[in-house]
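Everything below concerns the one structure shown next.
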Amino acid sequence: MKNVYLTPGQSVLNKPETYVYIDKEEKTDEDRELILQLKRGKMKAFRKLVEKYKKPAFFIALGLVGNREDAYDISQEAFTRVYTSLGRFNPQHKFFSWFYAILSNLCKNHLRSREIRGRYIRSVDDDAEMSSQTNPAPGPDVLMERNERSLRLWEEISELPLEFKEIIILKHFQGYSYKEISQMLNIPLGSVMSRLYYARKKLKDNLKDILT
Amino acid sequence: MKCEEVKPYLMSHLDGEIEPEKRSEIEKHLEECEDCTKEYQAFVKLKQETDKMKLADLSDELWNGYWKGVYRRIERGVGWIFLSIGAIILLSFGAYQFFKELLADPNISLIVKIGVSIGALGAIILLVSIVRERLFLCKTERYGEVER
C-alpha cells in the first residue's frame with residue numbers, strides 16, 4: 001500500500017481541506033467480491049467478512065467504549081447493521097471505511113446513552129457506588145499488562161475527547177496508516193496529522209511526570 | 001519553516017510517514033529550534049510508552065462463538081420483522097371486520113357509530129404521524145449510520 005504525502009511547503013494547519021485524499025486506484029477486490037456474493041444471498045461470504053474483520057472491530061470498539069462486554073456486543077451489532085443496510089453500501093468505497101462509520105456511530109450512541117443514564121442516576125440517587133455500577137468507567141481490565149505506567153496512560157487516553165481518543169486508538173492500537181485513517185474518518189490527510197498532533201500533545205502535557 | 005507549520009509534520013516524521021524531501025526540511029528545523037526538538041523528544045517517549053501497551057485479547061471460546069452471535073442477531077431480526085408483519089395484517093383485518101359489523105348493525109345508534117369512527121380516524125392519524133416521525137428520525141439522526 002503506497003503512502004500519500006503532503007505537498008512540500010504547504011501548511012496543514014492553515015488549509016487542511018487541501019489534502020483530501022480520494023482513493024480511486026485501490027479497490028479492495030476481495031471485500032467487494034464477498035459483498036457481491038452476500039447480495040446474492042450467500043451467507044458464507046458474510047461469514048468470511050465477519051471472520052476477517054471481527055478482531056479489528058472488537059478492538060476498536062474496546063478502545064472507544066473501554067469495556068469488553070460492551071465492545072463485544074457493539075461489534076457484533078455493527079456486523080448485523082452491515083447485513084441489514086447492505087443496499088446503502090457504495091461499492092466504490094472501501095468496505096472497512098463504511099463499516100467503521102457504522103461501528104463508531106454505535107460506540108458514540110452507547111457512550112451517549114451511558115452518559116445520560118449516569119447523569120440521570122446521579123440526579124435521583126446520591127449513592128456513588130450504585131452510580132458507578134450503572135455507569136462503569138473505562139476499566140483497566142482492557143490492558144494485557146497492567147503496571148502503573150500503562151494504567152496511567154490508559155486512564156489519560158480514556159479521558160481524551162472522543163475525536164482525539166479515536167485517532168489514538170486507530171494509530172497506536174490498530175496501526176493504521178494516515179491514509180487509512182483519513183478514509184475511515186472521512187477527513188483530509190492534513191486533519192489526521194493535526195488531530196494526532198493535538199491528541200498527543202494533550203497526552204504529553206498530562207503525562208509530564210511519567211515521560212521525563 | 002515556522003514552528004506552527006512544522007508541528008503536524010513532527011507526527012508524520014515520528015510515525016515514519018513523511019516523504020524524504022520533507023524529512024530533511026523538518027530535521028533541519030529541529031537542528032535549529034530547541035523548543036520543537038524538546039517537544040519532538042517528548043513525543044518519541046510518549047510513542048514508546050503507547051507502543052508498549054497492548055489491549056487484552058478475548059478467550060478462544062468467545063472468538064469461536066462470535067459468528068454464531070452475529071448470525072443469531074440477524075435471525076432474530078428477521079423473526080421480529082415477520083412477527084410484526086403478521087400482527088399488522090391480523091390487526092388490520094380485525095379492525096376492518098369490527099367496523100364492518102359495527103356500521104352494518106341496525107341496533108347500534110348512529111351517534112355511537114360516528115363517535116367510534118371519529119376515534120378510529122384519530123388513532124390512524126396518530127399512528128401515521130408516529131411512523132412518519134420515526135422514519136424522519138432514522139434519516140436525520142445525528143449518530144445514525146452514515147453513508148459514504
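Note on naming: chains are A, B, ... as they come in the C-alpha cells, residues start from 1 per chain, ligands start from 1 in the order shown.
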Give as a PDB file with N, CA and C atoms, in the first residue's frame every residue of chain B that touches chain A within 9 Å, counting only C-alpha atoms.
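Produced file result03.pdb, reproduced below:
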```pdb
ATOM      1  N   MET B   1      10.987  27.191   7.746  1.00  0.00           N
ATOM      2  CA  MET B   1       9.605  26.895   8.150  1.00  0.00           C
ATOM      3  C   MET B   1       9.340  27.404   9.555  1.00  0.00           C
ATOM      4  N   GLU B   4       4.863  26.548  13.829  1.00  0.00           N
ATOM      5  CA  GLU B   4       3.469  26.107  13.680  1.00  0.00           C
ATOM      6  C   GLU B   4       3.281  25.217  12.454  1.00  0.00           C
ATOM      7  N   GLU B   5       4.061  25.511  11.404  1.00  0.00           N
ATOM      8  CA  GLU B   5       3.962  24.698  10.184  1.00  0.00           C
ATOM      9  C   GLU B   5       4.611  23.332  10.374  1.00  0.00           C
ATOM     10  N   VAL B   6       5.622  23.316  11.227  1.00  0.00           N
ATOM     11  CA  VAL B   6       6.388  22.091  11.441  1.00  0.00           C
ATOM     12  C   VAL B   6       5.623  21.075  12.279  1.00  0.00           C
ATOM     13  N   LYS B   7       4.837  21.551  13.236  1.00  0.00           N
ATOM     14  CA  LYS B   7       4.232  20.673  14.250  1.00  0.00           C
ATOM     15  C   LYS B   7       3.509  19.433  13.703  1.00  0.00           C
ATOM     16  N   PRO B   8       2.571  19.582  12.750  1.00  0.00           N
ATOM     17  CA  PRO B   8       1.910  18.360  12.261  1.00  0.00           C
ATOM     18  C   PRO B   8       2.892  17.396  11.603  1.00  0.00           C
ATOM     19  N   TYR B   9       3.932  17.971  10.950  1.00  0.00           N
ATOM     20  CA  TYR B   9       4.915  17.113  10.284  1.00  0.00           C
ATOM     21  C   TYR B   9       5.767  16.336  11.297  1.00  0.00           C
ATOM     22  N   LEU B  10       5.798  16.840  12.521  1.00  0.00           N
ATOM     23  CA  LEU B  10       6.518  16.079  13.565  1.00  0.00           C
ATOM     24  C   LEU B  10       5.846  14.714  13.729  1.00  0.00           C
ATOM     25  N   MET B  11       4.521  14.700  13.525  1.00  0.00           N
ATOM     26  CA  MET B  11       3.773  13.438  13.643  1.00  0.00           C
ATOM     27  C   MET B  11       4.153  12.482  12.519  1.00  0.00           C
ATOM     28  N   SER B  12       4.148  12.993  11.284  1.00  0.00           N
ATOM     29  CA  SER B  12       4.454  12.094  10.164  1.00  0.00           C
ATOM     30  C   SER B  12       5.917  11.647  10.220  1.00  0.00           C
ATOM     31  N   ASP B  15       6.009   8.925  12.922  1.00  0.00           N
ATOM     32  CA  ASP B  15       5.364   7.676  12.504  1.00  0.00           C
ATOM     33  C   ASP B  15       5.955   7.101  11.214  1.00  0.00           C
ATOM     34  N   GLU B  17       5.931   8.370   8.232  1.00  0.00           N
ATOM     35  CA  GLU B  17       5.053   8.550   7.070  1.00  0.00           C
ATOM     36  C   GLU B  17       5.346   9.880   6.372  1.00  0.00           C
ATOM     37  N   ILE B  18       6.596  10.237   6.380  1.00  0.00           N
ATOM     38  CA  ILE B  18       6.960  11.531   5.782  1.00  0.00           C
ATOM     39  C   ILE B  18       7.796  11.298   4.528  1.00  0.00           C
ATOM     40  N   GLU B  19       7.627  12.141   3.551  1.00  0.00           N
ATOM     41  CA  GLU B  19       8.412  11.973   2.331  1.00  0.00           C
ATOM     42  C   GLU B  19       9.846  12.461   2.577  1.00  0.00           C
ATOM     43  N   GLU B  21      11.969  14.346   1.133  1.00  0.00           N
ATOM     44  CA  GLU B  21      12.248  15.777   0.958  1.00  0.00           C
ATOM     45  C   GLU B  21      11.798  16.583   2.190  1.00  0.00           C
ATOM     46  N   LYS B  22      10.609  16.222   2.672  1.00  0.00           N
ATOM     47  CA  LYS B  22      10.052  16.922   3.828  1.00  0.00           C
ATOM     48  C   LYS B  22      10.838  16.570   5.087  1.00  0.00           C
ATOM     49  N   GLU B  39       9.975  19.217  22.192  1.00  0.00           N
ATOM     50  CA  GLU B  39       8.629  18.674  22.012  1.00  0.00           C
ATOM     51  C   GLU B  39       8.682  17.342  21.264  1.00  0.00           C
ATOM     52  N   ALA B  42       9.766  14.547  23.504  1.00  0.00           N
ATOM     53  CA  ALA B  42       8.674  14.118  24.396  1.00  0.00           C
ATOM     54  C   ALA B  42       7.681  13.229  23.647  1.00  0.00           C
ATOM     55  N   PHE B  43       7.430  13.572  22.373  1.00  0.00           N
ATOM     56  CA  PHE B  43       6.536  12.728  21.562  1.00  0.00           C
ATOM     57  C   PHE B  43       7.134  11.336  21.344  1.00  0.00           C
ATOM     58  N   LYS B  45       9.076   9.731  23.403  1.00  0.00           N
ATOM     59  CA  LYS B  45       8.883   8.981  24.660  1.00  0.00           C
ATOM     60  C   LYS B  45       7.435   8.507  24.786  1.00  0.00           C
ATOM     61  N   LEU B  46       6.516   9.401  24.429  1.00  0.00           N
ATOM     62  CA  LEU B  46       5.092   9.044  24.515  1.00  0.00           C
ATOM     63  C   LEU B  46       4.781   7.868  23.586  1.00  0.00           C
ATOM     64  N   LYS B  47       5.354   7.930  22.394  1.00  0.00           N
ATOM     65  CA  LYS B  47       5.127   6.840  21.425  1.00  0.00           C
ATOM     66  C   LYS B  47       5.699   5.525  21.954  1.00  0.00           C
ATOM     67  N   GLU B  49       5.984   4.647  25.017  1.00  0.00           N
ATOM     68  CA  GLU B  49       5.085   4.160  26.077  1.00  0.00           C
ATOM     69  C   GLU B  49       3.808   3.545  25.487  1.00  0.00           C
ATOM     70  N   THR B  50       3.219   4.242  24.524  1.00  0.00           N
ATOM     71  CA  THR B  50       1.963   3.718  23.946  1.00  0.00           C
ATOM     72  C   THR B  50       2.226   2.439  23.149  1.00  0.00           C
ATOM     73  N   ASP B  51       3.408   2.350  22.523  1.00  0.00           N
ATOM     74  CA  ASP B  51       3.731   1.128  21.768  1.00  0.00           C
ATOM     75  C   ASP B  51       3.826  -0.096  22.677  1.00  0.00           C
ATOM     76  N   LYS B  52       4.188   0.148  23.934  1.00  0.00           N
ATOM     77  CA  LYS B  52       4.313  -0.974  24.885  1.00  0.00           C
ATOM     78  C   LYS B  52       2.947  -1.499  25.312  1.00  0.00           C
ATOM     79  N   MET B  53       1.939  -0.630  25.229  1.00  0.00           N
ATOM     80  CA  MET B  53       0.595  -1.018  25.695  1.00  0.00           C
ATOM     81  C   MET B  53      -0.103  -1.909  24.689  1.00  0.00           C
ATOM     82  N   LYS B  54      -0.695  -2.968  25.193  1.00  0.00           N
ATOM     83  CA  LYS B  54      -1.474  -3.854  24.313  1.00  0.00           C
ATOM     84  C   LYS B  54      -2.840  -4.089  24.963  1.00  0.00           C
ATOM     85  N   LEU B  55      -3.874  -4.126  24.128  1.00  0.00           N
ATOM     86  CA  LEU B  55      -5.206  -4.405  24.658  1.00  0.00           C
ATOM     87  C   LEU B  55      -5.361  -5.909  24.871  1.00  0.00           C
ATOM     88  N   ALA B  56      -6.034  -6.265  25.944  1.00  0.00           N
ATOM     89  CA  ALA B  56      -6.186  -7.687  26.283  1.00  0.00           C
ATOM     90  C   ALA B  56      -7.113  -8.396  25.292  1.00  0.00           C
ATOM     91  N   ASP B  57      -6.668  -9.557  24.853  1.00  0.00           N
ATOM     92  CA  ASP B  57      -7.442 -10.323  23.870  1.00  0.00           C
ATOM     93  C   ASP B  57      -8.580 -11.093  24.564  1.00  0.00           C
ATOM     94  N   LEU B  58      -9.519 -11.550  23.767  1.00  0.00           N
ATOM     95  CA  LEU B  58     -10.614 -12.374  24.302  1.00  0.00           C
ATOM     96  C   LEU B  58     -10.194 -13.840  24.308  1.00  0.00           C
ATOM     97  N   TRP B  63     -14.105 -15.933  20.767  1.00  0.00           N
ATOM     98  CA  TRP B  63     -13.857 -15.688  19.330  1.00  0.00           C
ATOM     99  C   TRP B  63     -14.564 -16.737  18.484  1.00  0.00           C
ATOM    100  N   TYR B  66     -18.206 -16.020  18.024  1.00  0.00           N
ATOM    101  CA  TYR B  66     -18.509 -14.673  17.512  1.00  0.00           C
ATOM    102  C   TYR B  66     -19.503 -14.717  16.347  1.00  0.00           C
ATOM    103  N   TRP B  67     -19.199 -15.539  15.359  1.00  0.00           N
ATOM    104  CA  TRP B  67     -20.065 -15.606  14.172  1.00  0.00           C
ATOM    105  C   TRP B  67     -21.473 -16.029  14.553  1.00  0.00           C
ATOM    106  N   GLY B  69     -23.038 -15.539  17.257  1.00  0.00           N
ATOM    107  CA  GLY B  69     -23.701 -14.383  17.875  1.00  0.00           C
ATOM    108  C   GLY B  69     -24.263 -13.437  16.830  1.00  0.00           C
ATOM    109  N   VAL B  70     -23.454 -13.156  15.792  1.00  0.00           N
ATOM    110  CA  VAL B  70     -23.902 -12.253  14.725  1.00  0.00           C
ATOM    111  C   VAL B  70     -25.078 -12.895  13.990  1.00  0.00           C
ATOM    112  N   TYR B  71     -24.941 -14.187  13.705  1.00  0.00           N
ATOM    113  CA  TYR B  71     -25.990 -14.904  12.957  1.00  0.00           C
ATOM    114  C   TYR B  71     -27.307 -14.899  13.737  1.00  0.00           C
ATOM    115  N   ARG B  73     -28.322 -12.736  15.917  1.00  0.00           N
ATOM    116  CA  ARG B  73     -28.913 -11.389  15.881  1.00  0.00           C
ATOM    117  C   ARG B  73     -29.695 -11.172  14.585  1.00  0.00           C
ATOM    118  N   ILE B  74     -29.103 -11.605  13.478  1.00  0.00           N
ATOM    119  CA  ILE B  74     -29.777 -11.429  12.182  1.00  0.00           C
ATOM    120  C   ILE B  74     -31.058 -12.267  12.150  1.00  0.00           C
ATOM    121  N   GLY B  77     -33.713 -10.697  14.167  1.00  0.00           N
ATOM    122  CA  GLY B  77     -34.214  -9.508  13.459  1.00  0.00           C
ATOM    123  C   GLY B  77     -35.243  -9.907  12.420  1.00  0.00           C
ATOM    124  N   ARG B 142     -28.457  12.119  14.438  1.00  0.00           N
ATOM    125  CA  ARG B 142     -27.078  12.608  14.475  1.00  0.00           C
ATOM    126  C   ARG B 142     -26.060  11.475  14.360  1.00  0.00           C
ATOM    127  N   TYR B 143     -26.328  10.396  15.076  1.00  0.00           N
ATOM    128  CA  TYR B 143     -25.367   9.310  15.073  1.00  0.00           C
ATOM    129  C   TYR B 143     -25.883   8.086  14.330  1.00  0.00           C
ATOM    130  N   GLY B 144     -26.817   8.305  13.411  1.00  0.00           N
ATOM    131  CA  GLY B 144     -27.283   7.177  12.594  1.00  0.00           C
ATOM    132  C   GLY B 144     -26.158   6.712  11.691  1.00  0.00           C
ATOM    133  N   GLU B 145     -26.344   5.577  11.055  1.00  0.00           N
ATOM    134  CA  GLU B 145     -25.274   5.096  10.165  1.00  0.00           C
ATOM    135  C   GLU B 145     -25.105   6.093   9.032  1.00  0.00           C
ATOM    136  N   VAL B 146     -23.876   6.435   8.759  1.00  0.00           N
ATOM    137  CA  VAL B 146     -23.666   7.385   7.676  1.00  0.00           C
ATOM    138  C   VAL B 146     -23.284   6.618   6.413  1.00  0.00           C
ATOM    139  N   GLU B 147     -23.714   7.168   5.314  1.00  0.00           N
ATOM    140  CA  GLU B 147     -23.397   6.537   4.046  1.00  0.00           C
ATOM    141  C   GLU B 147     -22.190   7.241   3.453  1.00  0.00           C
ATOM    142  N   ARG B 148     -21.230   6.476   2.995  1.00  0.00           N
ATOM    143  CA  ARG B 148     -20.057   7.120   2.395  1.00  0.00           C
ATOM    144  C   ARG B 148     -19.871   6.669   0.972  1.00  0.00           C
TER     145      ARG B 148
END
```
*So which residues of stretch 18-192 of chain A fall under helix (DSSP H, G or I) by DSSP, listed as a PyMOL selection string?*
chain A and resi 18-19+29-39+43-65+68-84+86-88+95-124+128-134+140-142+148-159+162-173+178-185+189-192
*Could you please determine the separation between atom CA of A:Ile60 and atom CA of A:Glu166 in Å, to one decimal place?*
8.4 Å
*For the atom pair atom CA of A:Phe164 and atom CA of A:Lys202, what is the interatomic distance in Å to one decimal place?*
9.1 Å
*If you count only C-alpha atoms, which residues fall within 12 Å of stretch 84-97 of chain B, apart from same-chain ones fewer than 6 positions away, as a PyMOL selection string?*
chain B and resi 77-78+103-104+116-117+120-121+123-124
Please produce a file of those selected residues containing N, CA, C and O atoms, as an mmCIF file, in the first residue's frame.
```
data_model
loop_
_atom_site.group_PDB
_atom_site.id
_atom_site.type_symbol
_atom_site.label_atom_id
_atom_site.label_comp_id
_atom_site.auth_asym_id
_atom_site.auth_seq_id
_atom_site.Cartn_x
_atom_site.Cartn_y
_atom_site.Cartn_z
ATOM 1 N N GLY B 77 -33.713 -10.697 14.167
ATOM 2 C CA GLY B 77 -34.214 -9.508 13.459
ATOM 3 C C GLY B 77 -35.243 -9.907 12.420
ATOM 4 O O GLY B 77 -36.316 -9.301 12.317
ATOM 5 N N VAL B 78 -34.920 -10.936 11.648
ATOM 6 C CA VAL B 78 -35.842 -11.416 10.606
ATOM 7 C C VAL B 78 -37.126 -11.917 11.271
ATOM 8 O O VAL B 78 -38.233 -11.636 10.807
ATOM 9 N N LEU B 103 -70.877 -0.821 11.630
ATOM 10 C CA LEU B 103 -71.632 0.086 10.767
ATOM 11 C C LEU B 103 -72.889 -0.587 10.207
ATOM 12 O O LEU B 103 -73.897 0.089 9.947
ATOM 13 N N ALA B 104 -72.824 -1.901 10.056
ATOM 14 C CA ALA B 104 -73.980 -2.612 9.479
ATOM 15 C C ALA B 104 -75.038 -2.957 10.529
ATOM 16 O O ALA B 104 -76.170 -3.280 10.180
ATOM 17 N N VAL B 116 -67.290 6.249 17.403
ATOM 18 C CA VAL B 116 -66.242 5.220 17.228
ATOM 19 C C VAL B 116 -65.443 5.488 15.958
ATOM 20 O O VAL B 116 -64.213 5.375 15.935
ATOM 21 N N SER B 117 -66.146 5.883 14.884
ATOM 22 C CA SER B 117 -65.453 6.145 13.614
ATOM 23 C C SER B 117 -64.470 7.308 13.749
ATOM 24 O O SER B 117 -63.335 7.242 13.261
ATOM 25 N N ALA B 120 -61.482 6.205 15.756
ATOM 26 C CA ALA B 120 -60.596 5.346 14.951
ATOM 27 C C ALA B 120 -59.782 6.185 13.984
ATOM 28 O O ALA B 120 -58.581 5.943 13.781
ATOM 29 N N LEU B 121 -60.446 7.213 13.400
ATOM 30 C CA LEU B 121 -59.730 8.105 12.471
ATOM 31 C C LEU B 121 -58.583 8.803 13.203
ATOM 32 O O LEU B 121 -57.451 8.914 12.685
ATOM 33 N N ALA B 123 -56.989 7.727 15.833
ATOM 34 C CA ALA B 123 -55.935 6.745 16.119
ATOM 35 C C ALA B 123 -55.070 6.504 14.880
ATOM 36 O O ALA B 123 -53.838 6.408 14.982
ATOM 37 N N ILE B 124 -55.723 6.448 13.705
ATOM 38 C CA ILE B 124 -54.950 6.228 12.455
ATOM 39 C C ILE B 124 -54.023 7.411 12.192
ATOM 40 O O ILE B 124 -52.854 7.242 11.849
#
```
